[in-house]
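K.L.:
Input file: target30.cif. Contents: mmCIF, C-alpha atoms and all ligand atoms.
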data_input
loop_
_atom_site.label_atom_id
_atom_site.label_comp_id
_atom_site.auth_asym_id
_atom_site.auth_seq_id
_atom_site.Cartn_x
_atom_site.Cartn_y
_atom_site.Cartn_z
CA MET A 1 0.00 0.00 0.00
CA THR A 2 1.19 3.52 -0.74
CA PRO A 3 -0.41 5.94 1.69
CA HIS A 4 0.86 8.93 -0.28
CA LYS A 5 -1.51 8.15 -3.13
CA THR A 6 -4.57 7.27 -1.07
CA ASP A 7 -6.72 8.85 1.55
CA ARG A 8 -4.43 7.41 4.16
CA LEU A 9 -1.42 8.94 5.86
CA HIS A 10 1.55 7.42 7.62
CA ILE A 11 1.97 8.44 11.23
CA THR A 12 4.96 10.56 10.23
CA GLN A 13 2.79 12.47 7.75
CA VAL A 14 0.14 13.04 10.39
CA CYS A 15 2.82 14.31 12.74
CA GLN A 16 4.17 16.69 10.11
CA ARG A 17 0.77 18.06 9.21
CA SER A 18 -0.61 18.32 12.73
CA GLY A 19 2.54 19.40 14.55
CA LEU A 20 1.95 16.66 17.09
CA THR A 21 4.42 13.99 18.11
CA ALA A 22 3.97 10.29 17.49
CA ALA A 23 3.80 9.83 21.26
CA THR A 24 0.86 12.24 21.40
CA LEU A 25 -0.93 10.39 18.63
CA ARG A 26 -0.40 7.10 20.42
CA PHE A 27 -1.67 8.67 23.64
CA TYR A 28 -4.78 9.97 21.88
CA GLU A 29 -5.29 6.50 20.48
CA GLU A 30 -5.01 4.99 23.96
CA GLN A 31 -7.63 7.50 25.12
CA GLY A 32 -9.95 6.48 22.29
CA LEU A 33 -9.85 9.91 20.64
CA ILE A 34 -8.47 8.67 17.33
CA GLN A 35 -8.14 5.31 15.67
CA PRO A 36 -5.50 4.16 13.18
CA ALA A 37 -6.75 2.76 9.90
CA GLY A 38 -4.18 0.01 10.09
CA ARG A 39 -0.48 -0.55 9.74
CA ASP A 40 1.95 -0.38 6.89
CA GLY A 41 5.35 -1.88 7.45
CA GLY A 42 4.62 -1.97 11.16
CA LYS A 43 3.87 1.76 11.32
CA ARG A 44 0.47 3.22 12.00
CA ILE A 45 -1.50 4.68 9.14
CA TYR A 46 -4.53 6.93 9.51
CA HIS A 47 -7.41 8.07 7.39
CA ARG A 48 -6.77 11.58 6.13
CA HIS A 49 -9.77 12.86 8.09
CA VAL A 50 -7.91 12.20 11.33
CA LEU A 51 -6.39 15.66 10.77
CA ARG A 52 -9.77 17.30 11.27
CA ARG A 53 -10.32 15.20 14.36
CA LEU A 54 -6.97 16.37 15.70
CA ALA A 55 -7.91 19.95 14.89
CA PHE A 56 -11.12 19.47 16.85
CA ILE A 57 -9.15 18.12 19.81
CA ALA A 58 -6.75 21.08 19.69
CA ALA A 59 -9.61 23.59 19.53
CA ALA A 60 -11.40 21.91 22.42
CA GLN A 61 -8.25 21.94 24.52
CA ARG A 62 -7.78 25.65 23.87
CA VAL A 63 -11.28 26.24 25.18
CA GLY A 64 -10.35 24.26 28.27
CA LEU A 65 -12.10 20.94 27.78
CA SER A 66 -10.54 17.94 29.45
CA LEU A 67 -9.63 14.89 27.41
CA ALA A 68 -12.58 13.10 29.00
CA GLU A 69 -14.94 15.85 27.81
CA ILE A 70 -13.38 15.77 24.37
CA SER A 71 -13.76 12.02 24.26
CA THR A 72 -17.45 12.35 25.14
CA ALA A 73 -17.93 14.91 22.38
CA LEU A 74 -16.08 12.84 19.80
CA ALA A 75 -18.09 9.78 20.75
CA THR A 76 -21.16 11.51 19.32
CA MET A 77 -19.57 11.60 15.87
CA PRO A 78 -18.96 8.66 13.59
CA ALA A 79 -15.26 7.75 13.63
CA ASP A 80 -15.20 6.96 9.93
CA HIS A 81 -15.42 10.48 8.56
CA ALA A 82 -14.27 13.98 9.34
CA PRO A 83 -16.44 16.20 11.54
CA THR A 84 -18.82 18.12 9.32
CA PRO A 85 -19.53 21.83 9.78
CA ALA A 86 -22.81 20.78 11.38
CA ASP A 87 -20.92 18.51 13.80
CA TRP A 88 -18.57 21.35 14.63
CA ASN A 89 -21.42 23.81 15.25
CA ARG A 90 -23.36 21.38 17.40
CA LEU A 91 -20.37 20.48 19.54
CA SER A 92 -18.75 23.90 19.85
CA GLU A 93 -21.86 25.97 20.57
CA PRO A 94 -21.90 25.05 24.29
CA TRP A 95 -18.24 26.08 24.55
CA LYS A 96 -19.22 29.75 24.29
CA GLN A 97 -20.69 29.62 27.78
CA ARG A 98 -17.46 28.14 29.10
CA VAL A 99 -15.44 30.92 27.50
CA ASP A 100 -17.86 33.53 28.87
CA GLU A 101 -17.49 32.06 32.36
CA ALA A 102 -13.70 32.10 32.05
CA ILE A 103 -13.81 35.75 30.97
CA THR A 104 -16.01 36.63 33.94
CA GLY A 105 -13.70 34.74 36.30
CA LEU A 106 -10.63 36.53 35.00
CA GLN A 107 -12.38 39.91 35.17
CA ASN A 108 -13.27 39.20 38.81
CA LEU A 109 -9.68 38.16 39.48
CA ARG A 110 -8.46 41.37 37.88
CA THR A 111 -10.77 43.42 40.08
CA SER A 112 -9.53 41.55 43.15
CA LEU A 113 -5.95 42.11 42.13
CA ASP A 114 -6.60 45.83 41.82
CA GLU A 115 -7.84 45.77 45.42
CA CYS A 116 -4.75 43.85 46.55
CA ILE A 117 -2.20 46.04 44.86
CA GLY A 118 -1.04 48.50 47.44
CA CYS A 119 -2.63 46.55 50.27
CA GLY A 120 -0.33 43.60 50.94
CA CYS A 121 -2.28 42.28 53.92
CA LEU A 122 -2.40 38.73 52.48
CA SER A 123 -5.16 38.03 54.96
CA MET A 124 -6.68 34.57 54.60
CA ARG A 125 -9.90 36.05 55.98
CA THR A 126 -10.32 39.30 54.09
CA CYS A 127 -8.17 39.21 50.96
CA SER A 128 -10.50 38.80 47.99
CA ILE A 129 -7.96 36.73 46.07
CA LEU A 130 -7.20 34.35 48.92
CA ASN A 131 -10.80 34.19 50.12
CA PRO A 132 -13.11 35.06 47.25
CA ASP A 133 -16.73 35.55 48.30
CA ASP A 134 -15.60 34.86 51.89
CA GLU A 135 -15.67 31.10 51.24
CA ALA A 136 -13.51 30.43 54.29
CA ALA A 137 -16.18 31.82 56.63
CA ALA A 138 -18.49 28.97 55.70
CA GLU A 139 -15.96 26.51 57.09
CA GLY A 140 -15.81 28.05 60.55
CA THR A 141 -13.59 30.41 62.48
CA GLY A 142 -9.83 30.62 62.48
CA PRO A 143 -7.27 30.19 59.74
CA ARG A 144 -9.23 27.49 57.92
CA TRP A 145 -7.36 27.66 54.65
CA LEU A 146 -3.92 27.57 56.21
CA ARG A 147 -4.94 24.43 58.06
CA ARG A 148 -6.37 22.92 54.89
CA THR A 149 -3.19 23.64 52.94
CA ARG A 150 -1.00 22.16 55.67
CA ASN A 151 -3.06 18.95 55.82
CA GLN A 152 -3.19 18.38 52.08
S1 LIG B 201 -3.57 41.58 49.85
FE1 LIG B 201 -4.92 42.76 51.02
S2 LIG B 201 -6.84 42.42 50.07
FE2 LIG B 201 -5.50 41.07 49.03
#
Step by step, read the file and then write its structure as structure tokens.
P.N.:
Amino acid sequence: MTPHKTDRLHITQVCQRSGLTAATLRFYEEQGLIQPAGRDGGKRIYHRHVLRRLAFIAAAQRVGLSLAEISTALATMPADHAPTPADWNRLSEPWKQRVDEAITGLQNLRTSLDECIGCGCLSMRTCSILNPDDEAAAEGTGPRWLRRTRNQ
């Protein structure tokens, strides 16, 4: 078989085109995210559409999805063809909320940092970075978070 002239790619070609290492591809395979189409001379070969699957994985990771979440998403798509635009839209639409939540979290952190700059109290009880929304108060009195950190 000559993968260069078919819809199949040697693992080295997939690595070159995706920028990923062979070890990463093998890891993704172990996680069930991609599947090789077979072997040629002992080396893995893949359907060409694995590149779009890898692109999907990369995009999902940039949004912050775990490999388990990515695996769940990919499991809703047939493994024998590339994700279609409809697949992409269906799977990525919920990611917007995750990005919005991350933006809100970072904006809140930025606001807290503004409050901390020039303060320097580093109080486990009152510092809004160390104790956002006074979460420590719900656990009782005293230096709850120091104790938690020491015991972990
Ligand atoms: S260091 Fe004082 S509020 Fe954060």
K.L.:
Please identify the residues whose atoms come within 10 Å of ligand LIG 201 (chain B), using only C-alpha atoms and all ligand atoms, and report them as JSON, numbers by chain.
P.N.:
{"A": [112, 113, 114, 115, 116, 117, 118, 119, 120, 121, 122, 123, 124, 125, 126, 127, 128, 129, 130, 131, 132]}
K.L.:
May I have the residues from that selection written out with C-alpha atoms, as a compact mmCIF listing (two decimals), in the frame of the given file?
P.N.:
# COMPACT_ATOMS: atom_id res chain seq x y z
CA SER A 112 -9.53 41.55 43.15
CA LEU A 113 -5.95 42.11 42.13
CA ASP A 114 -6.60 45.83 41.82
CA GLU A 115 -7.84 45.77 45.42
CA CYS A 116 -4.75 43.85 46.55
CA ILE A 117 -2.20 46.04 44.86
CA GLY A 118 -1.04 48.50 47.44
CA CYS A 119 -2.63 46.55 50.27
CA GLY A 120 -0.33 43.60 50.94
CA CYS A 121 -2.28 42.28 53.92
CA LEU A 122 -2.40 38.73 52.48
CA SER A 123 -5.16 38.03 54.96
CA MET A 124 -6.68 34.57 54.60
CA ARG A 125 -9.90 36.05 55.98
CA THR A 126 -10.32 39.30 54.09
CA CYS A 127 -8.17 39.21 50.96
CA SER A 128 -10.50 38.80 47.99
CA ILE A 129 -7.96 36.73 46.07
CA LEU A 130 -7.20 34.35 48.92
CA ASN A 131 -10.80 34.19 50.12
CA PRO A 132 -13.11 35.06 47.25
K.L.:
Restricting the calculation to all atoms listed in the file, which member of A:Leu33, A:Val99, A:Leu106, A:Ile11 is positioned closest to Arg62 (chain A)?
P.N.:
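The shortest atom-to-atom distance to Arg62 (chain A) comes from A:Val99.
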K.L.:
Taking all atoms listed in the file into account, name the residue in A:Thr12, A:Gly19, A:Val63, A:Ala58 that is nearest to Lys43 (chain A).
P.N.:
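For Lys43 (chain A), the nearest of the candidates is A:Thr12.
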K.L.:
Please identify all polymer residues within 12 Å of Glu29 (chain A), counting all atoms listed in the file, omitting same-chain residues fewer than 2 positions from it, and present them as a list in words.
P.N.:
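Once the adjacent positions are removed, what remains is Ile11, Ala22, Ala23, Thr24, Leu25, Arg26, Phe27, Gln31, Gly32, Leu33, Ile34, Gln35, Pro36, Ala37, Arg44, Tyr46, Val50, Arg53, Leu54, Leu67 and Ser71 of chain A.
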K.L.:
Calculated over all atoms listed in the file, which of the candidates A:Asp80, A:Glu30, A:Ser92, A:Gly42 has the smallest distance to Ala60 (chain A)?
P.N.:
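Of A:Asp80, A:Glu30, A:Ser92, A:Gly42, the one nearest Ala60 (chain A) is A:Ser92, counting all atoms listed in the file.
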K.L.:
What gap, in Å, lies between CA of Arg98 (chain A) and CA of Ala73 (chain A)?
P.N.:
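Separation between CA of Arg98 (chain A) and CA of Ala73 (chain A): 14.8 Å.
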K.L.:
Just region 13-25 of chain A from the block, N, CA, C and O atoms, as a tab-separated table (two decimals), in the first residue's frame, could you?
P.N.:
chain	number	residue	atom	x	y	z
A	13	GLN	N	3.48	11.41	8.49
A	13	GLN	CA	2.79	12.47	7.75
A	13	GLN	C	1.78	13.20	8.65
A	13	GLN	O	1.65	14.42	8.56
A	14	VAL	N	1.10	12.42	9.47
A	14	VAL	CA	0.14	13.04	10.39
A	14	VAL	C	0.88	13.95	11.36
A	14	VAL	O	0.43	15.06	11.66
A	15	CYS	N	2.02	13.49	11.83
A	15	CYS	CA	2.82	14.31	12.74
A	15	CYS	C	3.25	15.61	12.06
A	15	CYS	O	3.15	16.70	12.64
A	16	GLN	N	3.72	15.50	10.83
A	16	GLN	CA	4.17	16.69	10.11
A	16	GLN	C	3.03	17.68	9.90
A	16	GLN	O	3.20	18.88	10.07
A	17	ARG	N	1.88	17.17	9.54
A	17	ARG	CA	0.77	18.06	9.21
A	17	ARG	C	0.07	18.62	10.45
A	17	ARG	O	-0.49	19.72	10.40
A	18	SER	N	0.09	17.86	11.53
A	18	SER	CA	-0.61	18.32	12.73
A	18	SER	C	0.30	19.06	13.70
A	18	SER	O	-0.19	19.80	14.56
A	19	GLY	N	1.62	18.81	13.58
A	19	GLY	CA	2.54	19.40	14.55
A	19	GLY	C	2.60	18.63	15.85
A	19	GLY	O	3.23	19.08	16.80
A	20	LEU	N	1.94	17.49	15.88
A	20	LEU	CA	1.95	16.66	17.09
A	20	LEU	C	3.02	15.59	16.98
A	20	LEU	O	3.44	15.23	15.88
A	21	THR	N	3.43	15.07	18.11
A	21	THR	CA	4.42	13.99	18.11
A	21	THR	C	3.73	12.65	17.97
A	21	THR	O	2.52	12.52	18.23
A	22	ALA	N	4.51	11.65	17.58
A	22	ALA	CA	3.97	10.29	17.49
A	22	ALA	C	3.49	9.82	18.85
A	22	ALA	O	2.47	9.12	18.95
A	23	ALA	N	4.20	10.22	19.90
A	23	ALA	CA	3.80	9.83	21.26
A	23	ALA	C	2.42	10.40	21.58
A	23	ALA	O	1.59	9.73	22.21
A	24	THR	N	2.18	11.64	21.16
A	24	THR	CA	0.86	12.24	21.40
A	24	THR	C	-0.22	11.49	20.65
A	24	THR	O	-1.30	11.22	21.19
A	25	LEU	N	0.07	11.13	19.40
A	25	LEU	CA	-0.93	10.39	18.63
A	25	LEU	C	-1.22	9.04	19.28
A	25	LEU	O	-2.38	8.62	19.36
